[in-house]
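Content type compact mmCIF, N, CA and C atoms, from the file input29.txt:
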```
# COMPACT_ATOMS: atom_id res chain seq x y z
N MET I 1 0.83 -1.17 0.00
CA MET I 1 0.00 0.00 0.00
C MET I 1 0.88 1.24 0.00
N GLU I 2 0.49 2.19 -0.81
CA GLU I 2 1.20 3.47 -0.88
C GLU I 2 0.21 4.57 -0.56
N ILE I 3 0.68 5.56 0.21
CA ILE I 3 -0.17 6.71 0.53
C ILE I 3 0.68 7.97 0.47
N SER I 4 0.16 8.97 -0.23
CA SER I 4 0.84 10.27 -0.26
C SER I 4 -0.22 11.35 -0.07
N MET I 5 0.20 12.45 0.53
CA MET I 5 -0.76 13.51 0.82
C MET I 5 -0.13 14.87 0.58
N GLN I 6 -0.91 15.75 -0.02
CA GLN I 6 -0.55 17.15 -0.17
C GLN I 6 -1.61 17.97 0.53
N ASN I 7 -1.18 18.85 1.43
CA ASN I 7 -2.11 19.70 2.17
C ASN I 7 -1.87 21.14 1.73
N THR I 8 -2.88 21.72 1.10
CA THR I 8 -2.80 23.10 0.66
C THR I 8 -3.89 23.89 1.37
N ASN I 9 -3.49 24.61 2.41
CA ASN I 9 -4.43 25.42 3.20
C ASN I 9 -5.63 24.62 3.70
N GLY I 10 -5.39 23.40 4.17
CA GLY I 10 -6.45 22.57 4.72
C GLY I 10 -7.15 21.69 3.71
N ARG I 11 -6.89 21.90 2.43
CA ARG I 11 -7.46 21.04 1.39
C ARG I 11 -6.44 19.96 1.08
N CYS I 12 -6.79 18.74 1.37
CA CYS I 12 -5.85 17.63 1.23
C CYS I 12 -6.17 16.78 0.01
N ALA I 13 -5.13 16.50 -0.74
CA ALA I 13 -5.22 15.57 -1.86
C ALA I 13 -4.42 14.34 -1.46
N VAL I 14 -5.13 13.23 -1.29
CA VAL I 14 -4.50 11.98 -0.87
C VAL I 14 -4.53 11.02 -2.06
N ALA I 15 -3.41 10.39 -2.31
CA ALA I 15 -3.33 9.38 -3.38
C ALA I 15 -2.99 8.04 -2.74
N LEU I 16 -3.83 7.05 -3.01
CA LEU I 16 -3.60 5.70 -2.50
C LEU I 16 -3.23 4.82 -3.68
N GLY I 17 -2.35 3.86 -3.43
CA GLY I 17 -1.95 2.95 -4.49
C GLY I 17 -1.59 1.59 -3.94
N GLY I 18 -1.49 0.64 -4.84
CA GLY I 18 -1.14 -0.71 -4.44
C GLY I 18 -2.34 -1.47 -3.90
N GLU I 19 -2.07 -2.32 -2.93
CA GLU I 19 -3.11 -3.20 -2.39
C GLU I 19 -3.68 -2.64 -1.10
N LEU I 20 -4.99 -2.39 -1.09
CA LEU I 20 -5.69 -1.96 0.11
C LEU I 20 -6.43 -3.18 0.65
N THR I 21 -5.67 -4.02 1.32
CA THR I 21 -6.22 -5.28 1.80
C THR I 21 -6.05 -5.37 3.31
N ILE I 22 -6.47 -6.46 3.87
CA ILE I 22 -6.39 -6.67 5.30
C ILE I 22 -4.96 -6.51 5.82
N TYR I 23 -3.99 -6.80 4.97
CA TYR I 23 -2.59 -6.70 5.39
C TYR I 23 -2.11 -5.26 5.55
N ALA I 24 -2.82 -4.33 4.93
CA ALA I 24 -2.44 -2.92 5.00
C ALA I 24 -3.47 -2.09 5.75
N ALA I 25 -4.54 -2.72 6.24
CA ALA I 25 -5.65 -1.98 6.83
C ALA I 25 -5.25 -1.11 8.02
N ALA I 26 -4.42 -1.62 8.91
CA ALA I 26 -4.04 -0.85 10.10
C ALA I 26 -3.26 0.40 9.71
N ASP I 27 -2.30 0.26 8.79
CA ASP I 27 -1.53 1.43 8.33
C ASP I 27 -2.42 2.41 7.58
N LEU I 28 -3.32 1.87 6.75
CA LEU I 28 -4.24 2.72 6.00
C LEU I 28 -5.13 3.51 6.95
N LYS I 29 -5.64 2.83 7.97
CA LYS I 29 -6.50 3.50 8.96
C LYS I 29 -5.75 4.64 9.63
N ASP I 30 -4.56 4.37 10.12
CA ASP I 30 -3.77 5.41 10.78
C ASP I 30 -3.52 6.59 9.85
N GLY I 31 -3.18 6.30 8.61
CA GLY I 31 -2.89 7.36 7.66
C GLY I 31 -4.09 8.20 7.31
N LEU I 32 -5.23 7.55 7.03
CA LEU I 32 -6.41 8.31 6.62
C LEU I 32 -7.06 9.05 7.77
N VAL I 33 -7.22 8.41 8.92
CA VAL I 33 -7.85 9.08 10.06
C VAL I 33 -6.98 10.25 10.52
N GLY I 34 -5.67 10.06 10.51
CA GLY I 34 -4.77 11.15 10.86
C GLY I 34 -4.87 12.30 9.88
N ALA I 35 -4.99 11.97 8.59
CA ALA I 35 -5.10 13.00 7.57
C ALA I 35 -6.41 13.77 7.70
N VAL I 36 -7.49 13.10 8.03
CA VAL I 36 -8.78 13.78 8.21
C VAL I 36 -8.65 14.84 9.30
N GLY I 37 -7.89 14.55 10.34
CA GLY I 37 -7.69 15.51 11.42
C GLY I 37 -6.93 16.75 10.99
N GLU I 38 -6.11 16.63 9.96
CA GLU I 38 -5.30 17.75 9.48
C GLU I 38 -5.98 18.57 8.40
N CYS I 39 -7.09 18.08 7.86
CA CYS I 39 -7.71 18.70 6.69
C CYS I 39 -9.10 19.23 6.99
N THR I 40 -9.49 20.23 6.24
CA THR I 40 -10.88 20.68 6.30
C THR I 40 -11.68 20.02 5.18
N GLU I 41 -10.98 19.59 4.16
CA GLU I 41 -11.59 18.94 3.00
C GLU I 41 -10.58 17.94 2.45
N MET I 42 -11.05 16.76 2.06
CA MET I 42 -10.14 15.72 1.58
C MET I 42 -10.68 15.07 0.31
N GLU I 43 -9.76 14.86 -0.63
CA GLU I 43 -10.06 14.14 -1.85
C GLU I 43 -9.08 12.96 -1.92
N ILE I 44 -9.62 11.75 -2.02
CA ILE I 44 -8.80 10.55 -2.07
C ILE I 44 -8.84 9.98 -3.48
N ASN I 45 -7.67 9.96 -4.11
CA ASN I 45 -7.55 9.43 -5.46
C ASN I 45 -7.22 7.94 -5.37
N LEU I 46 -8.06 7.13 -6.00
CA LEU I 46 -7.92 5.67 -5.93
C LEU I 46 -7.50 5.06 -7.27
N SER I 47 -7.01 5.88 -8.19
CA SER I 47 -6.70 5.38 -9.53
C SER I 47 -5.55 4.37 -9.56
N ALA I 48 -4.66 4.40 -8.57
CA ALA I 48 -3.52 3.48 -8.56
C ALA I 48 -3.73 2.27 -7.64
N VAL I 49 -4.96 2.07 -7.17
CA VAL I 49 -5.25 0.91 -6.31
C VAL I 49 -5.36 -0.32 -7.20
N SER I 50 -4.50 -1.30 -6.93
CA SER I 50 -4.48 -2.52 -7.75
C SER I 50 -5.35 -3.63 -7.18
N ASP I 51 -5.64 -3.57 -5.88
CA ASP I 51 -6.47 -4.59 -5.23
C ASP I 51 -7.07 -3.98 -3.98
N ILE I 52 -8.30 -4.33 -3.69
CA ILE I 52 -8.98 -3.87 -2.48
C ILE I 52 -9.90 -4.99 -2.01
N ASP I 53 -9.93 -5.19 -0.70
CA ASP I 53 -10.85 -6.18 -0.14
C ASP I 53 -11.76 -5.47 0.86
N THR I 54 -12.56 -6.25 1.57
CA THR I 54 -13.53 -5.69 2.50
C THR I 54 -12.85 -4.87 3.59
N ALA I 55 -11.68 -5.29 4.06
CA ALA I 55 -10.97 -4.53 5.09
C ALA I 55 -10.58 -3.15 4.57
N GLY I 56 -10.09 -3.07 3.34
CA GLY I 56 -9.75 -1.78 2.75
C GLY I 56 -10.98 -0.90 2.60
N LEU I 57 -12.08 -1.50 2.18
CA LEU I 57 -13.33 -0.76 2.05
C LEU I 57 -13.82 -0.25 3.40
N GLN I 58 -13.70 -1.06 4.43
CA GLN I 58 -14.11 -0.64 5.77
C GLN I 58 -13.31 0.56 6.25
N VAL I 59 -12.03 0.61 5.92
CA VAL I 59 -11.21 1.75 6.32
C VAL I 59 -11.66 3.01 5.58
N LEU I 60 -11.99 2.89 4.30
CA LEU I 60 -12.50 4.04 3.57
C LEU I 60 -13.82 4.53 4.16
N MET I 61 -14.67 3.58 4.56
CA MET I 61 -15.94 3.94 5.19
C MET I 61 -15.70 4.61 6.55
N LEU I 62 -14.74 4.12 7.31
CA LEU I 62 -14.40 4.72 8.59
C LEU I 62 -13.91 6.16 8.40
N ALA I 63 -13.06 6.37 7.41
CA ALA I 63 -12.57 7.73 7.14
C ALA I 63 -13.72 8.65 6.76
N LYS I 64 -14.65 8.15 5.96
CA LYS I 64 -15.83 8.94 5.55
C LYS I 64 -16.67 9.31 6.78
N ARG I 65 -16.90 8.35 7.66
CA ARG I 65 -17.68 8.63 8.88
C ARG I 65 -16.96 9.60 9.79
N HIS I 66 -15.64 9.43 9.93
CA HIS I 66 -14.84 10.31 10.77
C HIS I 66 -14.90 11.75 10.22
N ALA I 67 -14.81 11.89 8.91
CA ALA I 67 -14.90 13.21 8.30
C ALA I 67 -16.28 13.82 8.52
N ALA I 68 -17.33 13.03 8.32
CA ALA I 68 -18.69 13.53 8.50
C ALA I 68 -18.94 13.96 9.94
N ALA I 69 -18.42 13.18 10.89
CA ALA I 69 -18.60 13.52 12.31
C ALA I 69 -17.88 14.82 12.66
N SER I 70 -16.86 15.16 11.89
CA SER I 70 -16.09 16.39 12.12
C SER I 70 -16.54 17.51 11.18
N ASN I 71 -17.67 17.32 10.49
CA ASN I 71 -18.20 18.29 9.53
C ASN I 71 -17.19 18.65 8.45
N LYS I 72 -16.52 17.63 7.93
CA LYS I 72 -15.53 17.82 6.87
C LYS I 72 -15.96 17.02 5.64
N ALA I 73 -15.59 17.51 4.48
CA ALA I 73 -15.92 16.82 3.24
C ALA I 73 -14.83 15.80 2.90
N LEU I 74 -15.25 14.65 2.43
CA LEU I 74 -14.33 13.62 1.96
C LEU I 74 -14.92 13.02 0.69
N ARG I 75 -14.14 13.08 -0.39
CA ARG I 75 -14.57 12.55 -1.67
C ARG I 75 -13.58 11.52 -2.19
N LEU I 76 -14.10 10.50 -2.85
CA LEU I 76 -13.27 9.52 -3.55
C LEU I 76 -13.30 9.86 -5.03
N VAL I 77 -12.13 9.84 -5.66
CA VAL I 77 -12.05 10.14 -7.08
C VAL I 77 -11.13 9.14 -7.77
N GLY I 78 -11.24 9.07 -9.08
CA GLY I 78 -10.33 8.25 -9.87
C GLY I 78 -10.37 6.78 -9.54
N HIS I 79 -11.55 6.26 -9.34
CA HIS I 79 -11.70 4.86 -8.95
C HIS I 79 -11.06 3.90 -9.95
N SER I 80 -10.21 3.03 -9.46
CA SER I 80 -9.65 1.97 -10.32
C SER I 80 -10.72 0.90 -10.52
N ARG I 81 -10.47 0.01 -11.46
CA ARG I 81 -11.42 -1.07 -11.72
C ARG I 81 -11.70 -1.93 -10.48
N PRO I 82 -10.66 -2.35 -9.71
CA PRO I 82 -10.95 -3.14 -8.51
C PRO I 82 -11.81 -2.40 -7.49
N VAL I 83 -11.61 -1.11 -7.36
CA VAL I 83 -12.43 -0.32 -6.43
C VAL I 83 -13.87 -0.27 -6.92
N MET I 84 -14.05 0.01 -8.20
CA MET I 84 -15.41 0.08 -8.76
C MET I 84 -16.13 -1.25 -8.61
N GLU I 85 -15.43 -2.34 -8.87
CA GLU I 85 -16.06 -3.66 -8.75
C GLU I 85 -16.53 -3.93 -7.34
N LEU I 86 -15.73 -3.55 -6.34
CA LEU I 86 -16.12 -3.79 -4.95
C LEU I 86 -17.28 -2.89 -4.53
N LEU I 87 -17.24 -1.61 -4.93
CA LEU I 87 -18.34 -0.71 -4.62
C LEU I 87 -19.65 -1.19 -5.25
N GLU I 88 -19.56 -1.69 -6.47
CA GLU I 88 -20.75 -2.21 -7.14
C GLU I 88 -21.23 -3.51 -6.51
N LEU I 89 -20.29 -4.37 -6.11
CA LEU I 89 -20.65 -5.63 -5.47
C LEU I 89 -21.48 -5.38 -4.21
N TYR I 90 -21.06 -4.43 -3.40
CA TYR I 90 -21.76 -4.12 -2.16
C TYR I 90 -22.84 -3.05 -2.34
N ASP I 91 -22.96 -2.50 -3.54
CA ASP I 91 -23.95 -1.48 -3.87
C ASP I 91 -23.90 -0.30 -2.88
N ILE I 92 -22.67 0.21 -2.66
CA ILE I 92 -22.52 1.30 -1.70
C ILE I 92 -21.85 2.54 -2.30
N ALA I 93 -21.84 2.68 -3.61
CA ALA I 93 -21.24 3.86 -4.22
C ALA I 93 -21.92 5.13 -3.70
N ALA I 94 -23.22 5.06 -3.44
CA ALA I 94 -23.94 6.24 -2.96
C ALA I 94 -23.45 6.70 -1.58
N LEU I 95 -22.90 5.80 -0.79
CA LEU I 95 -22.37 6.16 0.52
C LEU I 95 -21.28 7.21 0.39
N PHE I 96 -20.50 7.12 -0.66
CA PHE I 96 -19.40 8.05 -0.88
C PHE I 96 -19.79 9.19 -1.81
N GLY I 97 -21.05 9.22 -2.25
CA GLY I 97 -21.49 10.26 -3.16
C GLY I 97 -21.05 10.02 -4.58
N ASP I 98 -20.70 8.80 -4.89
CA ASP I 98 -20.22 8.47 -6.24
C ASP I 98 -21.38 8.07 -7.14
```
Target encoding structure tokens, full file:
Amino acid sequence: MEISMQNTNGRCAVALGGELTIYAAADLKDGLVGAVGECTEMEINLSAVSDIDTAGLQVLMLAKRHAAASNKALRLVGHSRPVMELLELYDIAALFGD
């Protein structure tokens, strides 16, 4: 799993890549929840995600809930094919506003 973040005056652009699976879930959680605390608005680019499982999806959902509880915007953009397939499988694209 790869994570990079640019913070420009509270607007954060986060890029995730590689495998967002159970093996990376703890690191992903720490990175995303920590980033939500630093940002007023966050955009997560998922175009470089090569694999995602339910654990990775749960972390994205947790980050979305954490942002909503803090009255902050969080958007997912650039969905890779594996991400789209999982969102469609669980029929939860609307949860992220996609």
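Atom pair CA of Ile52 in chain I / CA of Thr40 in chain I has a distance of 26.1 Å (rounded to one decimal).
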Do you know which residues are at most 12 Å from Ile92 in chain I counting only C-alpha atoms, after dropping those on the same chain fewer than 6 positions away, and could you put them as a PyMOL selection string?
-> chain I and resi 57-58+60-61+83-86+98
Polymer residues at most 8 Å from Leu74 in chain I, all atoms listed in the file, same-chain spacing of 2 or more positions, as a list in words | Thr40, Glu41, Met42, Glu43, Ile44, Ala63, Lys64, Ala67, Ala68, Asn71, Lys72, Leu76, Val77, Phe96 and Gly97 of chain I
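Of the listed residues I:Glu2, I:Leu28, I:Gly17, I:Tyr23, the one whose atoms come nearest to Val59 in chain I is I:Leu28, with distances taken using all atoms listed in the file.
The interatomic distance for the pair atom N of Gly78 in chain I and atom N of Ala48 in chain I works out to 8.1 Å.
Of note, atom C of Gly37 in chain I and atom N of Cys12 in chain I are spaced 9.8 Å apart.
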